Amino acid sequence: MSLDKVLAHVDADQDNALARLIELLKIESISTDPAYAAECNRAADWLVDDLKSIGFEASKRETPGHPMVIAHNDKTDGTHVMFYGHYDVQPVDPLELWDNPPFDARVEDTPNGKVIRGRGSSDDKGQLMTFVEACRAWKAATGSLPTNVSIFFEGEEESGSPSLVPFMKENAAELKSDVALICDTGMVEPNTPSIVTMLRGLVGEQITIKGPSKDLHSGMYGGPSINPIRVLTRALGALHDDTGRVTLDGFYDGVPELPAQIAEQWKNLDFDEARFLGDVGLSKPAGENGRSVLEMLWSRPTAEVNGIWGGYTGEGFKTVLPAQASAKVSFRLVGQQDPVKIRDAFRAHIESFLPEDCSVEFHGHGNSGASSMAIDHPAFEQARGALSDEWENEGVFVGCGGSIPIAGHFQDIIGTQSMLIGFAQDDDSIHSPNEKYDLRSFHKGIRSWVRILAALN
């Protein structure tokens with residue numbers, strides 16, 4: 001059977017696969033720092049050469065920033081999948097907190113098993129090479145891939161992806177596929193493979209409420225003078241009611257209830273709410289009443305104050321009435337919530353609390369809608385079944401509390417559904433010192449992609 005042959009090759013070739021990954025990890029492809037532009041180019045060239053070595057038609061595509069890598073195989077039948085990953089990495093600061101040089105990648109023994117240690121090992125070089133090694137195994141064991149595969153590697157994901165949308169729009173026809181596979185995610189539990197089907201959107205807003213023309217002595221003006229901090233805190237405190245629901249007009253328009261199939265999968269996860277909160281010194285969920293913690297994290301919208309300042313905040317004490325007060329507020333969105341309407345509703349809410357002698361300034365910090373994947377697409381159950389065959393527990397459809405814009409771009413620009421499948425673990429320390437990728441994740445991740453490619457044929 002072809003699948004058994006390919007899986008056996010994965011097992012036999014593991015040392016070589018690991019050596020290739022470590023070679024890529026040694027390239028210092030930090031995208032946000034112009035000093036590393038040559039290293040980003042070197043990483044792109046390395047990937048082009050590696051993909052060509054296994055029969056892909058691969059090329060480096062220039063952009064105003066760092067290059068993209070695009071590759072196609074020579075198979076034209078079967079489901080056409082487009083695999084996305086990014087070869088750039090986060091800066092390594094603070095360097096003194098690393099146990100070893102961040103680009104001197106190596107395998108280490110830990111109490112929980114062997115890990116691959118180094119910047120980019122989990123985010124995202126280890127993950128993208130997990131897929132490339134699966135393609136290599138199919139080619140080596142059978143001479144071809146089981147389905148039609150294209151590859152799209154970006155070099156600016158960690159620096160805001162300024163070239164991504166223009167590139168996708170200019171090359172939409174070439175990037176078209178039946179389904180997009182995105183590897184920049186992880187597993188909900190160490191033995192439970194996961195497919196992310198919901199990503200929350202984001203609206204960010206900074207507000208400044210202005211009152212008197214200058215800071216005032218509270219003994220001389222306290223009482224008759226309006227205090228912008230008091231105005232601001234009243235408005236922010238009224239964002240939620242006593243049940244934890246957000247009070248903005250129309251805020252829940254477009255928020256769907258969780259499908260029963262997904263709710264049942266989440267209910268069966270080995271997720272300990274008390275431990276999750278206890279790990280950060282908390283004991284009781286503070287969101288909407290009647291919602292589980294996983295619902296709050298993955299399928300419900302939020303409104304949160306991320307920073308607030310005004311008046312005197314230095315050491316000691318100063319009895320001052322401030323001339324202005326400011327805050328940063330963010331909203332995580334789900335379903336079909338409209339980020340423009342949310343921003344407008346928030347601004348109207350703040351303005352409704354302004355007394356006669358106060359004014360407000362707003363500064364938006366981006367907005368993006370949520371992404372919801374159509375799990376009735378046959379590829380989703382095919383991939384879930386393939387994952388279930390490889391891991392101890394059955395695969396599950398999960399949500400993600402954060403935002404991964406590429407998934408929405410595939411939907412909006414290319415018209416392609418995305419499946420987000422990755423093998424990172426919660427303790428991988430991505431973006432932090434001593435980043436790692438479990439050797440088990442690398443090995444079983446390769447085997448998983450081998451099975452998924454077979455299932456999508």
# chains A, B, ... in the order shown; residues from 1 in each chain; ligands from 1

call {"tool": "select_by_dssp", "arguments": {"residues": "stretch 135-351 of chain A", "states": "helix (DSSP H, G or I)", "output": "PyMOL selection string"}}
result
chain A and resi 135-142+157-159+164-170+172-175+218-221+228-237+260-267+273-278+293-298+339-351

call {"tool": "residues_around", "arguments": {"residues": "stretch 453-456 of chain A", "least_positions_apart": "4", "cutoff": "12 Å", "atoms": "only C-alpha atoms", "output": "number ranges by chain"}}
result
A: 1-4, 6-7, 77-83, 131-132, 134-135, 137-138, 144-150, 178-181, 377-389, 446-449

call {"tool": "write_last_selection", "arguments": {"atoms": "C-alpha atoms", "output": "PDB file, in the first residue's frame"}}
result
ATOM      1  CA  MET A   1       0.000   0.000   0.000  1.00  0.00           C
ATOM      2  CA  SER A   2       1.452   3.394  -1.002  1.00  0.00           C
ATOM      3  CA  LEU A   3       0.526   5.134   2.269  1.00  0.00           C
ATOM      4  CA  ASP A   4       2.367   2.525   4.346  1.00  0.00           C
ATOM      5  CA  VAL A   6       5.474   6.636   2.542  1.00  0.00           C
ATOM      6  CA  LEU A   7       5.030   6.482   6.319  1.00  0.00           C
ATOM      7  CA  ASP A  77      -5.428  15.926 -11.166  1.00  0.00           C
ATOM      8  CA  GLY A  78      -6.866  15.517  -7.684  1.00  0.00           C
ATOM      9  CA  THR A  79      -7.718  18.200  -5.156  1.00  0.00           C
ATOM     10  CA  HIS A  80      -5.500  21.255  -5.650  1.00  0.00           C
ATOM     11  CA  VAL A  81      -4.109  22.330  -2.275  1.00  0.00           C
ATOM     12  CA  MET A  82      -2.138  25.519  -1.619  1.00  0.00           C
ATOM     13  CA  PHE A  83       0.119  25.273   1.426  1.00  0.00           C
ATOM     14  CA  PHE A 131       4.840  19.804   5.274  1.00  0.00           C
ATOM     15  CA  VAL A 132       7.802  19.912   2.884  1.00  0.00           C
ATOM     16  CA  ALA A 134       5.776  15.014   3.843  1.00  0.00           C
ATOM     17  CA  CYS A 135       5.969  15.963   0.155  1.00  0.00           C
ATOM     18  CA  ALA A 137       8.510  11.374   1.513  1.00  0.00           C
ATOM     19  CA  TRP A 138       5.750  10.894  -1.078  1.00  0.00           C
ATOM     20  CA  SER A 144       4.878  11.440  -7.132  1.00  0.00           C
ATOM     21  CA  LEU A 145       2.477  13.314  -4.887  1.00  0.00           C
ATOM     22  CA  PRO A 146      -1.023  11.881  -4.374  1.00  0.00           C
ATOM     23  CA  THR A 147      -2.722  15.157  -5.226  1.00  0.00           C
ATOM     24  CA  ASN A 148      -2.037  18.539  -6.796  1.00  0.00           C
ATOM     25  CA  VAL A 149       0.145  20.627  -4.445  1.00  0.00           C
ATOM     26  CA  SER A 150       1.285  24.261  -4.612  1.00  0.00           C
ATOM     27  CA  ASP A 178      -9.478  24.095  -4.025  1.00  0.00           C
ATOM     28  CA  VAL A 179      -8.342  24.529  -0.424  1.00  0.00           C
ATOM     29  CA  ALA A 180      -5.579  26.426   1.383  1.00  0.00           C
ATOM     30  CA  LEU A 181      -3.592  24.714   4.129  1.00  0.00           C
ATOM     31  CA  HIS A 377     -16.488  21.419   2.780  1.00  0.00           C
ATOM     32  CA  PRO A 378     -15.515  17.740   2.371  1.00  0.00           C
ATOM     33  CA  ALA A 379     -11.809  18.480   2.895  1.00  0.00           C
ATOM     34  CA  PHE A 380     -12.416  19.276   6.575  1.00  0.00           C
ATOM     35  CA  GLU A 381     -13.714  15.842   7.548  1.00  0.00           C
ATOM     36  CA  GLN A 382     -11.163  14.163   5.284  1.00  0.00           C
ATOM     37  CA  ALA A 383      -8.336  15.973   7.065  1.00  0.00           C
ATOM     38  CA  ARG A 384      -9.835  15.355  10.504  1.00  0.00           C
ATOM     39  CA  GLY A 385     -10.065  11.652   9.770  1.00  0.00           C
ATOM     40  CA  ALA A 386      -6.442  11.564   8.601  1.00  0.00           C
ATOM     41  CA  LEU A 387      -5.286  13.310  11.779  1.00  0.00           C
ATOM     42  CA  SER A 388      -7.329  10.935  13.923  1.00  0.00           C
ATOM     43  CA  ASP A 389      -5.559   7.973  12.296  1.00  0.00           C
ATOM     44  CA  ILE A 446       5.194  14.896   8.879  1.00  0.00           C
ATOM     45  CA  ARG A 447       3.257  11.633   9.128  1.00  0.00           C
ATOM     46  CA  SER A 448       0.044  13.618   9.581  1.00  0.00           C
ATOM     47  CA  TRP A 449       0.590  15.668   6.433  1.00  0.00           C
TER      48      TRP A 449
END

call {"tool": "residues_around", "arguments": {"residues": "A:Ser31", "least_positions_apart": "3", "cutoff": "7 Å", "atoms": "only C-alpha atoms", "output": "number ranges by chain"}}
result
A: 36-37, 40, 88-89, 155-156, 158-159

call {"tool": "closest_residue", "arguments": {"among": "A:Glu390, A:Glu295, A:Glu205, A:Asp427", "to": "A:Asn367", "atoms": "only C-alpha atoms"}}
result
A:Glu205

call {"tool": "closest_residue", "arguments": {"among": "A:Asp11, A:Asp184, A:Asp109, A:Glu39", "to": "A:Ala407", "atoms": "only C-alpha atoms"}}
result
A:Asp184

call {"tool": "closest_residue", "arguments": {"among": "A:Pro190, A:Gln336, A:Ser283, A:Asp93", "to": "A:Pro256", "atoms": "only C-alpha atoms"}}
result
A:Gln336

call {"tool": "closest_atom_pairs", "arguments": {"of": "stretch 306-415 of chain A", "to": "stretch 245-252 of chain A", "cutoff": "8 Å", "atoms": "only C-alpha atoms", "output": "Markdown table"}}
result
| residue | atom | partner | partner_atom | distance |
| --- | --- | --- | --- | --- |
| A:Gln337 | CA | A:Tyr252 | CA | 7.3 |
| A:Ile342 | CA | A:Phe251 | CA | 6.4 |
| A:Ala345 | CA | A:Leu248 | CA | 6.0 |
| A:Phe346 | CA | A:Leu248 | CA | 6.4 |
| A:His349 | CA | A:Leu248 | CA | 6.8 |

call {"tool": "residues_around", "arguments": {"residues": "A:Ala327", "least_positions_apart": "3", "cutoff": "10 Å", "atoms": "only C-alpha atoms", "output": "ChimeraX atom specification"}}
result
/A:205-209,229,232-233,236,305-310

call {"tool": "write_last_selection", "arguments": {"atoms": "C-alpha atoms", "output": "short mmCIF file (atom, residue, chain, number, x, y, z; two decimals), in the first residue's frame"}}
result
data_model
loop_
_atom_site.label_atom_id
_atom_site.label_comp_id
_atom_site.auth_asym_id
_atom_site.auth_seq_id
_atom_site.Cartn_x
_atom_site.Cartn_y
_atom_site.Cartn_z
CA GLU A 205 -9.05 52.25 19.16
CA GLN A 206 -7.19 54.89 21.16
CA ILE A 207 -9.26 57.65 22.73
CA THR A 208 -8.31 60.90 24.44
CA ILE A 209 -10.86 62.93 26.40
CA ILE A 229 -10.42 60.72 34.07
CA LEU A 232 -13.34 58.31 30.76
CA THR A 233 -13.75 55.71 33.49
CA LEU A 236 -15.34 52.53 29.90
CA VAL A 305 -9.39 48.07 27.96
CA ASN A 306 -5.71 47.47 27.20
CA GLY A 307 -4.26 50.63 28.72
CA ILE A 308 -5.37 53.79 30.52
CA TRP A 309 -3.52 56.90 31.65
CA GLY A 310 -3.94 60.52 32.69
#

call {"tool": "select_by_dssp", "arguments": {"residues": "stretch 237-440 of chain A", "states": "strand (DSSP E or B)", "output": "NGL selection string"}}
result
:A and (240 or 246 or 302-310 or 320-321 or 324-333 or 359-368 or 371-372 or 396-400 or 417-421 or 424 or 436-438)

call {"tool": "closest_residue", "arguments": {"among": "A:Asp253, A:Val360, A:Pro405, A:Pro228", "to": "A:Lys341", "atoms": "only C-alpha atoms"}}
result
A:Asp253

call {"tool": "residues_around", "arguments": {"residues": "A:Val293", "least_positions_apart": "5", "cutoff": "10 Å", "atoms": "only C-alpha atoms", "output": "list in words"}}
result
Phe271, Asp272, Glu273, Ala274, Phe276, Leu277, Lys284, Pro285, Ala286, Gly287, Glu288, Trp298, Ser299 and Arg300 of chain A

call {"tool": "closest_residue", "arguments": {"among": "A:Leu199, A:Asp215, A:Ile421, A:Val280", "to": "A:Ser403", "atoms": "only C-alpha atoms"}}
result
A:Leu199
